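A.B. asks: To start, I am sharing the structure in question, which I have written as structure tokens.
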2 protein chains.
Amino acid sequence: MAVPTNVSQSPEITNETLRQLGAQLRIDSIRCTTAAGSGHPTSSMSAADLMAVLMSRYLKYDWQNPHQPNNDRLIFSKGHACPLLYSMYKAAGVITDSQLLQLRKMGSPLQGHPNPHVLQWVDVATGSLGQGLPIGVGMALNGKYIDQLPYRVWVLLGDSEMAEGSVWEAFDKASHYKLNRLIAIVDMNRLGQRGETDLGWNSAAYAARARAFGWHAIELNGHDLTEIDQAYAQALRQTEKPTCLVARTEKGHGVSFLANKEGWHGKALNADEQTKALAELGAPISVTVAVAKPDESTPAKLWAKQTVKAPAYALGTKEATRKAYGDALVALGGEHTDMVVLDAEVSNSTHADEFKKAYPNRFFEMFISEQQLLGATVGFGVLGKKAFASTFAAFLTRAFDQIRMAAISNATIRLAGSHAGVSIGADGPSQMALEDLAMMRAVFESTVLYPSDPNQTVQLVNQMAGQKGISYLRTTREKLPVLYAASEKFTIGGSKVLRQSNQDRLTVVAAGITVHEAIKACDELAKTGIKVRLIDLYSVKPVDKAALRQAAAETGGRIITVEDHWPEGGIGDAVLEAFATDKSALPHVVKLAVCGMPGSGTPAELMAAAGIDSTAIIKAVKQGEII
Amino acid sequence: MAVPTNVSQSPEITNETLRQLGAQLRIDSIRCTTAAGSGHPTSSMSAADLMAVLMSRYLKYDWQNPHQPNNDRLIFSKGHACPLLYSMYKAAGVITDSQLLQLRKMGSPLQGHPNPHVLQWVDVATGSLGQGLPIGVGMALNGKYIDQLPYRVWVLLGDSEMAEGSVWEAFDKASHYKLNRLIAIVDMNRLGQRGETDLGWNSAAYAARARAFGWHAIELNGHDLTEIDQAYAQALRQTEKPTCLVARTEKGHGVSFLANKEGWHGKALNADEQTKALAELGAPISVTVAVAKPDESTPAKLWAKQTVKAPAYALGTKEATRKAYGDALVALGGEHTDMVVLDAEVSNSTHADEFKKAYPNRFFEMFISEQQLLGATVGFGVLGKKAFASTFAAFLTRAFDQIRMAAISNATIRLAGSHAGVSIGADGPSQMALEDLAMMRAVFESTVLYPSDPNQTVQLVNQMAGQKGISYLRTTREKLPVLYAASEKFTIGGSKVLRQSNQDRLTVVAAGITVHEAIKACDELAKTGIKVRLIDLYSVKPVDKAALRQAAAETGGRIITVEDHWPEGGIGDAVLEAFATDKSALPHVVKLAVCGMPGSGTPAELMAAAGIDSTAIIKAVKQGEII
């Protein structure tokens with residue numbers, strides 16, 4: 001057995017120590033997964049030497065101060081290799097061996113995939129492959145352009161996950177933005193979950209792709225410590241291009257019956273196998289590494305504040321809520337110098353370009369890459385920036401997995417989706433968001449807002465700036481009448497009653513563009529003596545339960561919801577949910593929503609065909625079963 | 001004005017005719033968008049010469065028989081250029097000029113983006129960029145490996161959309177599968193929606209990327225008819241590699257005040273501008289093209305049937321519904337020789353590998369590329385194949401935009417998502433699908449099924465084989481007790497009552513794994529004299545309204561729903577929706593769903609922590625407000 005070696009805080013770490021560290025990381029990857037009875041030891045073992053050199057000689061990280069702005073960032077995009085990550089924590093001395101062996105147990109912070117909810121040294125949750133590098137792009141953008149600090153962003157990827165298109169969105173934007181402090185380390189171990197990867201050990205093919213996307217690429221033997229060291233050193237010398245290390249490795253390296261063998265993905269070793277493996281690896285080994293802290297702490301760049309008058313829209317005028325979003329960003333951006341805005345090639349439509357015009361150095365164009373848009377937004381968000389991202393609401397569905405993972409990452413980000421509903425008109429259904437409320441309501445602890453008026457929009461955007469978690473604003477293409485004075489107050493979780501009397505026969509609940517249709521309907525009905533309450537449910541999640549229940553109680557328990565959205569998952573369901581557990585009698589709820597696949601047409605034609613315009617509302621009110 | 005030239009059905013089409021055709025396509029792109037008052041004329045004009053040569057000399061298509069298996073396939077991935085596509089239809093003589101001028105009008109089949117719901121020559125809806133090429137991959141896979149017919153798949157892409165990662169998933173898989181009959185035509189007009197693209201006119205960069213991904217690439221002047229013709233001819237000679245044409249073009253080419261000018265994206269010309277433009281283009285021009293029909297009609301390959309015994313699982317045994325999915329595929333695949341199965345690197349987990357083992361030539365591994373998985377599935381589906389695609393349910397969120405567009409495409413596809421819910425255990429939240437029911441319910445005319453038992457699974461999969469539109473099956477990782485005899489019948493839209501008496505105090509509605517928890521709860525409660533009805537709601541959409549209403553009526557209007565899913569958008573909402581417009585009183589519905597972000601643990605621990613296990617159900621039943 002090798003003699004245990006403790007290494008004190010010396011920068012001169014020998015290859016022999018690195019060899020032992022690599023072996024220890026393998027040993028510990030096996031031990032914790034065997035203790036758990038599950039996990040991915042072989043996927044961890046392939047990258048052990050790469051990580052041994054990284055943490056010993058290159059990574060700059062202050063474990064006591066994980067949010068220190070000068071820290072390097074390390075993302076395990078191949079999140080299933082977290083046994084290796086956790087073994088690194090032990091080697092760094094920040095967790096104990098017995099904590100390591102709690103891997104995957106209920107309540108342990110060492111979960112099956114890295115989770116920032118419970119581990120302070122993990123910036124983002126990974127486990128859905130291909131997402132680490134786009135987030136790394138965001139972190140590197142922050143470093144180079146916002147904080148202007150020299151930290152590096154290291155992203156460990158598996159070779160299988162290089163098939164994910166999101167990775168190539170990141171390759172594209174990283175070179176476009178000259179992110180020379182971003183380093184992608186590809187653990188090319190040849191074996192995916194169910195067999196060989198597409199490219200196997202063809203490192204030249206990976207390198208050619210990286211170079212074609214504008215990166216500096218280095219092919220290396222991922223188990224040769226000298227080659228690894230030289231590759232990292234070369235990466236550090238880059239001044240223009242990000243670097244991609246294509247490291248040829250063996251899955252299960254270091255153990256004869258595992259190394260490069262099929263059938264071992266996601267399998268923990270049993271007790272006998274563990275014994276044999278540990279013997280081959282030279283256990284026990286006890287190496288501790290003093291990871292270097294960042295150099296003298298440079299402060300992050302301070303951006304100058306500017307006083308920008310809050311936008312206000314006059315009653316009697318018309319404006320689109322998407323425009324108010326853009327105007328609100330400008331006002332916010334003057335006050336919040338830690339704010340950045342991102343968009344995906346549609347900023348003249350989403351009006352994020354207003355912020356771009358005002359603060360060009362804090363705006364980031366992501367081009368047509370919604371997955372990268374979300375990744376960068378999360379990267380900024382977890383580093384403490386107030387990040388707002390926008391595109392057409394329909395195209396946010398392109399990044400639903402990224403949004404899902406952002407919630408697991410406990411990230412705080414703000415999303416705005418424009419061009420909601422059939423009311424966008426002639427462009428047709430491919431551009432119409434009809435499922436975005438459903439999608440965003442199903443995101444853990446999300447906030448979902450859908451304003452009907454520009455003054456309301458501005459206030460809600462301001463509140464999003466202070467809201468934790470994932471918040472979403474749905475905006476409308478059309479210019480619509482201003483409904484509220486700029487002095488009116490709106491809150492997340494609130495609602496507004498726009499029409500009421502003590503003779504209201506039922507309540508109409510609407511949001512966004514259907515509020516305007518409902519106003520027309522209510523006023524039309526009032527002329528014929530039918531009084532109807534109208535609630536503007538601009539906060540779709542959380543929903544104003546108290547107001548809804550009060551309205552139901554006061555208007556005979558009859559509710560009509562109307563939304564420019566499919567019937568499932570949106571306003572109607574939000575309203576139903578508000579009553580589901582109420583002890584008192586529950587209302588009748590009629591859901592008006594888009595029925596039938598829309599085509600092209602004018603907004604008015606399309607809303608009529610969809611059954612959500614004022615005519616449809618009037619008809620629903622007059623239907624026999626309601627009155 | 002140029003003299004109108006009619007071209008008869010001659011294969012010898014001169015460059016002069018092509019020049020006129022190109023001009024006519026530009027003229028008509030302007031005319032129809034000006035008539036509509038909206039649309040994308042300049043994006044159409046850049047590709048006019050490329051399409052003129054294609055339709056006149058290379059495309060093989062029988063307009064009278066759009067589903068003829070030997071037809072070439074043409075996809076406008078840059079769907080906003082559909083004025084060009086529709087102008088091609090007119091030049092081909094299949095629509096009239098006055099039909100062309102109905103572009104974007106309510107009820108016109110010529111919508112703002114191409115839509116197969118209303119146009120027989122359009123195979124798939126486009127308009128969400130980056131989706132055309134992955135679908136083309138599916139069509140080309142069908143051609144090369146399933147039908148074994150020599151048709152070609154032509155995909156027109158914009159340069160802006162080359163930033164979408166989904167495009168690179170397609171590049172990757174197309175070369176992997178040696179799809180030499182797939183041709184991507186990149187209309188490199190330099191200008192995106194709000195300014196210059198990332199790479200501008202750097203055709204060498206695009207070509208380098210295509211080559212690095214294993215394609216044959218040709219750079220050309222997209223307005224030089226001879227170069228275009230030679231490029232297509234070269235593409236046709238490929239025997240191993242797909243071909244990418246990188247065509248340097250001008251947005252708005254042919255009109256002095258439009259050509260290569262910023263600010264014209266998505267803008268129709270006004271009347272004066274139209275007059276000037278048409279004059280410059282030499283209007284009027286009247287060219288008709290006889291598009292060649294496919295060569296002598298080769299029949300598609302006939303695959304041999306096999307009789308495979310339907311799988312059946314014995315009461316008293318345990319099996320996972322994900323395994324039953326795999327077994328069901330094998331039985332179906334023997335009968336349905338037009339069936340293909342696709343998966344994304346997890347077929348040993350989803351059990352799609354059962355089909356792979358039985359019919360290796362009809363199984364397609366898409367590796368870790370969920371967007372490409374969906375694209376290929378749609379490509380097969382619109383060409384009449386019964387395509388089943390699977391991955392982890394959580395990773396289907398990676399392809400929500402593709403699923404959304406598949407509905408607009410009127411595509412019939414079958415999706416299976418495994419590893420649903422917290423009950424997957426130690427892998428943790430990144431692998432758990434907790435929003436997939438919400439997502440799939442919000443898809444237009446979808447079918448959403450969630451079996452609790454393997455025999456039930458087999459029947460539902462069989463019914464999916466005959467179901468139109470997008471159907472989704474949610475499967476469970478755990479092996480669970482067989483609940484139903486193999487002879488029991490299940491139908492889409494149905495449900496099963498598993499426990500009932502005439503003293504039921506309330507109804508528990510569950511599906512999938514929570515059915516098993518509910519059974520434990522019901523039986524436990526029955527011992528203490530509390531009788532509770534239990535409904536297995538295996539059809540989440542459409543939901544069995546009649547059974548739910550009957551149960552509510554018979555059990556005091558009290559319902560508890562319980563699901564391994566977030567509270568929003570799933571079974572609880574489906575049940576609430578079933579009552580929403582009922583004249584009788586809405587029931588009390590208590591929704592038990594996953595509360596709190598799960599971590600790692602055993603399935604039992606995690607379901608307990610989530611509040612959805614038998615203990616939680618019993619507690620909810622006993623809560624004061626219910627009884």
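Every chain in the structure tokens has a letter given in the order shown (A, B, ...), and although residue numbers restart at 1 in each chain, ligands are simply numbered from 1 in the order shown.
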On all C-alpha atoms matched in order, how well does chain A superpose onto chain B? Give the RMSD in Å.
C.D. replies: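 It comes to 0.1 Å after superposition.
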A.B. asks: For B:Pro150, work out the shell of residues within 10 Å, counting only C-alpha atoms and skipping chain neighbours fewer than 3 positions away, then give it as a PDB file with N, CA and C atoms, in the first residue's frame.
C.D. replies:
ATOM      1  N   PRO B  69     -44.486   8.326 -52.432  1.00  0.00           N
ATOM      2  CA  PRO B  69     -43.267   8.066 -51.656  1.00  0.00           C
ATOM      3  C   PRO B  69     -41.970   8.432 -52.378  1.00  0.00           C
ATOM      4  N   ASN B  70     -42.016   8.537 -53.694  1.00  0.00           N
ATOM      5  CA  ASN B  70     -40.806   8.858 -54.424  1.00  0.00           C
ATOM      6  C   ASN B  70     -40.535  10.349 -54.563  1.00  0.00           C
ATOM      7  N   ASN B  71     -41.488  11.174 -54.117  1.00  0.00           N
ATOM      8  CA  ASN B  71     -41.282  12.613 -54.205  1.00  0.00           C
ATOM      9  C   ASN B  71     -40.041  13.049 -53.438  1.00  0.00           C
ATOM     10  N   ASP B  72     -39.311  14.022 -54.007  1.00  0.00           N
ATOM     11  CA  ASP B  72     -38.353  14.757 -53.190  1.00  0.00           C
ATOM     12  C   ASP B  72     -39.134  15.470 -52.090  1.00  0.00           C
ATOM     13  N   ALA B 140     -34.734  11.860 -44.509  1.00  0.00           N
ATOM     14  CA  ALA B 140     -33.637  11.212 -45.229  1.00  0.00           C
ATOM     15  C   ALA B 140     -33.343   9.829 -44.646  1.00  0.00           C
ATOM     16  N   GLY B 143     -35.779   7.628 -46.181  1.00  0.00           N
ATOM     17  CA  GLY B 143     -35.453   7.327 -47.569  1.00  0.00           C
ATOM     18  C   GLY B 143     -34.341   6.305 -47.704  1.00  0.00           C
ATOM     19  N   LYS B 144     -33.297   6.479 -46.903  1.00  0.00           N
ATOM     20  CA  LYS B 144     -32.120   5.624 -47.074  1.00  0.00           C
ATOM     21  C   LYS B 144     -32.312   4.249 -46.426  1.00  0.00           C
ATOM     22  N   ASP B 147     -37.694   3.134 -46.391  1.00  0.00           N
ATOM     23  CA  ASP B 147     -38.317   2.942 -47.700  1.00  0.00           C
ATOM     24  C   ASP B 147     -37.298   2.539 -48.752  1.00  0.00           C
ATOM     25  N   VAL B 153     -33.866  15.103 -50.066  1.00  0.00           N
ATOM     26  CA  VAL B 153     -34.468  16.017 -49.095  1.00  0.00           C
ATOM     27  C   VAL B 153     -33.688  17.313 -49.159  1.00  0.00           C
ATOM     28  N   ARG B 181     -28.321  11.899 -49.439  1.00  0.00           N
ATOM     29  CA  ARG B 181     -29.399  12.497 -50.234  1.00  0.00           C
ATOM     30  C   ARG B 181     -30.035  13.689 -49.529  1.00  0.00           C
ATOM     31  N   PRO B 294     -41.032  12.597 -60.103  1.00  0.00           N
ATOM     32  CA  PRO B 294     -40.035  11.570 -59.795  1.00  0.00           C
ATOM     33  C   PRO B 294     -39.913  10.582 -60.956  1.00  0.00           C
ATOM     34  N   ASP B 295     -38.752   9.988 -61.074  1.00  0.00           N
ATOM     35  CA  ASP B 295     -38.543   8.962 -62.093  1.00  0.00           C
ATOM     36  C   ASP B 295     -39.471   7.779 -61.816  1.00  0.00           C
ATOM     37  N   THR B 298     -40.537   3.761 -57.989  1.00  0.00           N
ATOM     38  CA  THR B 298     -40.048   2.569 -57.278  1.00  0.00           C
ATOM     39  C   THR B 298     -40.931   2.348 -56.054  1.00  0.00           C
ATOM     40  N   ALA B 300     -41.760   1.474 -52.289  1.00  0.00           N
ATOM     41  CA  ALA B 300     -41.009   1.490 -51.034  1.00  0.00           C
ATOM     42  C   ALA B 300     -40.752   0.057 -50.597  1.00  0.00           C
TER      43      ALA B 300
END
A.B. asks: Counting only C-alpha atoms, a student should be able to say which residues of chain A come within 6 Å of chain B; what is the right answer, written as a ChimeraX atom specification?
C.D. replies: /A:104-106,111-112,127,163-166,168-169,208-209,212,368-369,397-398,400-401,426-428,430,435,442,568-569,580-581,586,589-590,600-601
A.B. asks: As a PyMOL selection string, please: all residues of stretch 121-324 of chain B that backbone DSSP puts in helix (DSSP H, G or I).
C.D. replies: chain B and resi 132-146+160-163+165-176+203-212+225-236+271-281+321-324
A.B. asks: Residues at most 12 Å from A:Asp62, counting only C-alpha atoms, excluding those fewer than 3 positions away in the same chain, as a PyMOL selection string?
C.D. replies: chain A and resi 55+59+65-73+92+94+120-121+290-297
A.B. asks: What does the structure give for the distance between atom CA of A:Glu16 and atom CA of A:Pro83, in Å to one decimal?
C.D. replies: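 Distance reported for this atom pair: 22.6 Å.
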A.B. asks: As a PDB file with C-alpha atoms, in the first residue's frame, please: every residue in stretch 38-226 of chain B that a backbone DSSP assignment puts in strand (DSSP E).
C.D. replies:
ATOM      1  CA  ARG B  73     -39.023  16.689 -50.009  1.00  0.00           C
ATOM      2  CA  LEU B  74     -38.478  20.418 -49.742  1.00  0.00           C
ATOM      3  CA  ILE B  75     -38.483  22.131 -46.361  1.00  0.00           C
ATOM      4  CA  PHE B  76     -38.288  25.887 -45.899  1.00  0.00           C
ATOM      5  CA  VAL B 153     -34.468  16.017 -49.095  1.00  0.00           C
ATOM      6  CA  TRP B 154     -33.768  19.684 -49.720  1.00  0.00           C
ATOM      7  CA  VAL B 155     -33.733  22.036 -46.743  1.00  0.00           C
ATOM      8  CA  LEU B 156     -33.485  25.786 -47.178  1.00  0.00           C
ATOM      9  CA  LEU B 157     -31.985  27.466 -44.109  1.00  0.00           C
ATOM     10  CA  GLY B 158     -31.299  31.038 -43.231  1.00  0.00           C
ATOM     11  CA  LEU B 182     -29.859  15.313 -47.747  1.00  0.00           C
ATOM     12  CA  ILE B 183     -28.927  18.743 -49.016  1.00  0.00           C
ATOM     13  CA  ALA B 184     -28.871  21.819 -46.800  1.00  0.00           C
ATOM     14  CA  ILE B 185     -28.956  25.118 -48.655  1.00  0.00           C
ATOM     15  CA  VAL B 186     -27.811  28.019 -46.514  1.00  0.00           C
ATOM     16  CA  ASP B 187     -29.130  31.341 -47.749  1.00  0.00           C
ATOM     17  CA  MET B 188     -26.286  33.434 -46.378  1.00  0.00           C
ATOM     18  CA  HIS B 216     -19.447  17.940 -48.037  1.00  0.00           C
ATOM     19  CA  ALA B 217     -19.569  21.728 -48.271  1.00  0.00           C
ATOM     20  CA  ILE B 218     -19.714  24.010 -51.288  1.00  0.00           C
ATOM     21  CA  GLU B 219     -19.328  27.786 -51.155  1.00  0.00           C
ATOM     22  CA  LEU B 220     -21.005  29.629 -53.985  1.00  0.00           C
ATOM     23  CA  ASN B 221     -22.443  32.878 -55.232  1.00  0.00           C
TER      24      ASN B 221
END
A.B. asks: If we count only C-alpha atoms and set the cut-off at 10 Å, which residues sit around B:Asn15, ignoring sequence neighbours fewer than 2 positions away in its own chain? Please answer as a PyMOL selection string.
C.D. replies: chain B and resi 12-13+17-21+53+224-226+229
A.B. asks: Write the residues you've just listed into a file as a PDB file, in the first residue's frame, and include N, CA and C atoms for each of them.
C.D. replies:
ATOM      1  N   GLU B  12     -34.935  21.338 -70.999  1.00  0.00           N
ATOM      2  CA  GLU B  12     -33.852  22.251 -71.322  1.00  0.00           C
ATOM      3  C   GLU B  12     -34.259  23.660 -70.936  1.00  0.00           C
ATOM      4  N   ILE B  13     -33.948  24.013 -69.723  1.00  0.00           N
ATOM      5  CA  ILE B  13     -34.319  25.342 -69.259  1.00  0.00           C
ATOM      6  C   ILE B  13     -33.075  26.202 -69.285  1.00  0.00           C
ATOM      7  N   THR B  17     -34.069  31.834 -68.929  1.00  0.00           N
ATOM      8  CA  THR B  17     -35.364  31.529 -68.313  1.00  0.00           C
ATOM      9  C   THR B  17     -35.237  31.506 -66.795  1.00  0.00           C
ATOM     10  N   LEU B  18     -34.138  30.935 -66.329  1.00  0.00           N
ATOM     11  CA  LEU B  18     -33.932  30.897 -64.885  1.00  0.00           C
ATOM     12  C   LEU B  18     -33.804  32.308 -64.328  1.00  0.00           C
ATOM     13  N   ARG B  19     -33.124  33.160 -65.069  1.00  0.00           N
ATOM     14  CA  ARG B  19     -32.971  34.534 -64.626  1.00  0.00           C
ATOM     15  C   ARG B  19     -34.355  35.187 -64.507  1.00  0.00           C
ATOM     16  N   GLN B  20     -35.172  34.948 -65.499  1.00  0.00           N
ATOM     17  CA  GLN B  20     -36.519  35.514 -65.453  1.00  0.00           C
ATOM     18  C   GLN B  20     -37.339  34.899 -64.322  1.00  0.00           C
ATOM     19  N   LEU B  21     -37.179  33.620 -64.153  1.00  0.00           N
ATOM     20  CA  LEU B  21     -37.919  32.961 -63.069  1.00  0.00           C
ATOM     21  C   LEU B  21     -37.514  33.537 -61.725  1.00  0.00           C
ATOM     22  N   VAL B  53     -33.412  27.635 -59.707  1.00  0.00           N
ATOM     23  CA  VAL B  53     -32.643  26.535 -60.289  1.00  0.00           C
ATOM     24  C   VAL B  53     -33.145  25.201 -59.741  1.00  0.00           C
ATOM     25  N   ASP B 224     -25.482  33.482 -58.832  1.00  0.00           N
ATOM     26  CA  ASP B 224     -24.880  33.057 -60.104  1.00  0.00           C
ATOM     27  C   ASP B 224     -25.505  31.712 -60.482  1.00  0.00           C
ATOM     28  N   LEU B 225     -26.303  31.736 -61.525  1.00  0.00           N
ATOM     29  CA  LEU B 225     -27.097  30.568 -61.883  1.00  0.00           C
ATOM     30  C   LEU B 225     -26.226  29.369 -62.235  1.00  0.00           C
ATOM     31  N   THR B 226     -25.111  29.638 -62.874  1.00  0.00           N
ATOM     32  CA  THR B 226     -24.223  28.526 -63.244  1.00  0.00           C
ATOM     33  C   THR B 226     -23.610  27.902 -62.008  1.00  0.00           C
ATOM     34  N   ASP B 229     -26.226  25.858 -60.244  1.00  0.00           N
ATOM     35  CA  ASP B 229     -26.487  24.604 -60.953  1.00  0.00           C
ATOM     36  C   ASP B 229     -25.368  23.598 -60.708  1.00  0.00           C
TER      37      ASP B 229
END
A.B. asks: Taking 6 positions as the minimum chain separation for residues in the same chain, which residues sit within 12 Å of B:Gln306 when counting only C-alpha atoms? Answer as an MDAnalysis selection string.
C.D. replies: chainID B and resid 330:337 358:359
A.B. asks: Have a look at A:Arg248, A:Arg237, A:Lys479, A:Lys178 and name the one nearest to A:Lys318; count only C-alpha atoms.
C.D. replies: A:Lys479
A.B. asks: Would you work out the distance separating atom CA of B:Leu25 from atom CA of B:Met88, expressed in Å to one decimal?
C.D. replies: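 Atom-to-atom, atom CA of B:Leu25 and atom CA of B:Met88 are spaced 6.7 Å apart.
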A.B. asks: Give me the residues within 9 Å of stretch 492-501 of chain A as a ChimeraX atom specification, counting only C-alpha atoms and dropping any in the same chain fewer than 3 places off.
C.D. replies: /A:447-449,460,463-464,504,507,515,519,522-523,531-545,547-548
A.B. asks: In Å, how far is it from atom CA of A:Asp338 to atom CA of A:Leu302?
C.D. replies: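 Atom CA of A:Asp338 sits 8.6 Å away from atom CA of A:Leu302.
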A.B. asks: Could you list, as a ChimeraX atom specification, every residue within 6 Å of B:Tyr450, counting only C-alpha atoms and ignoring same-chain residues fewer than 4 positions away?
C.D. replies: /B:473-474,512,538
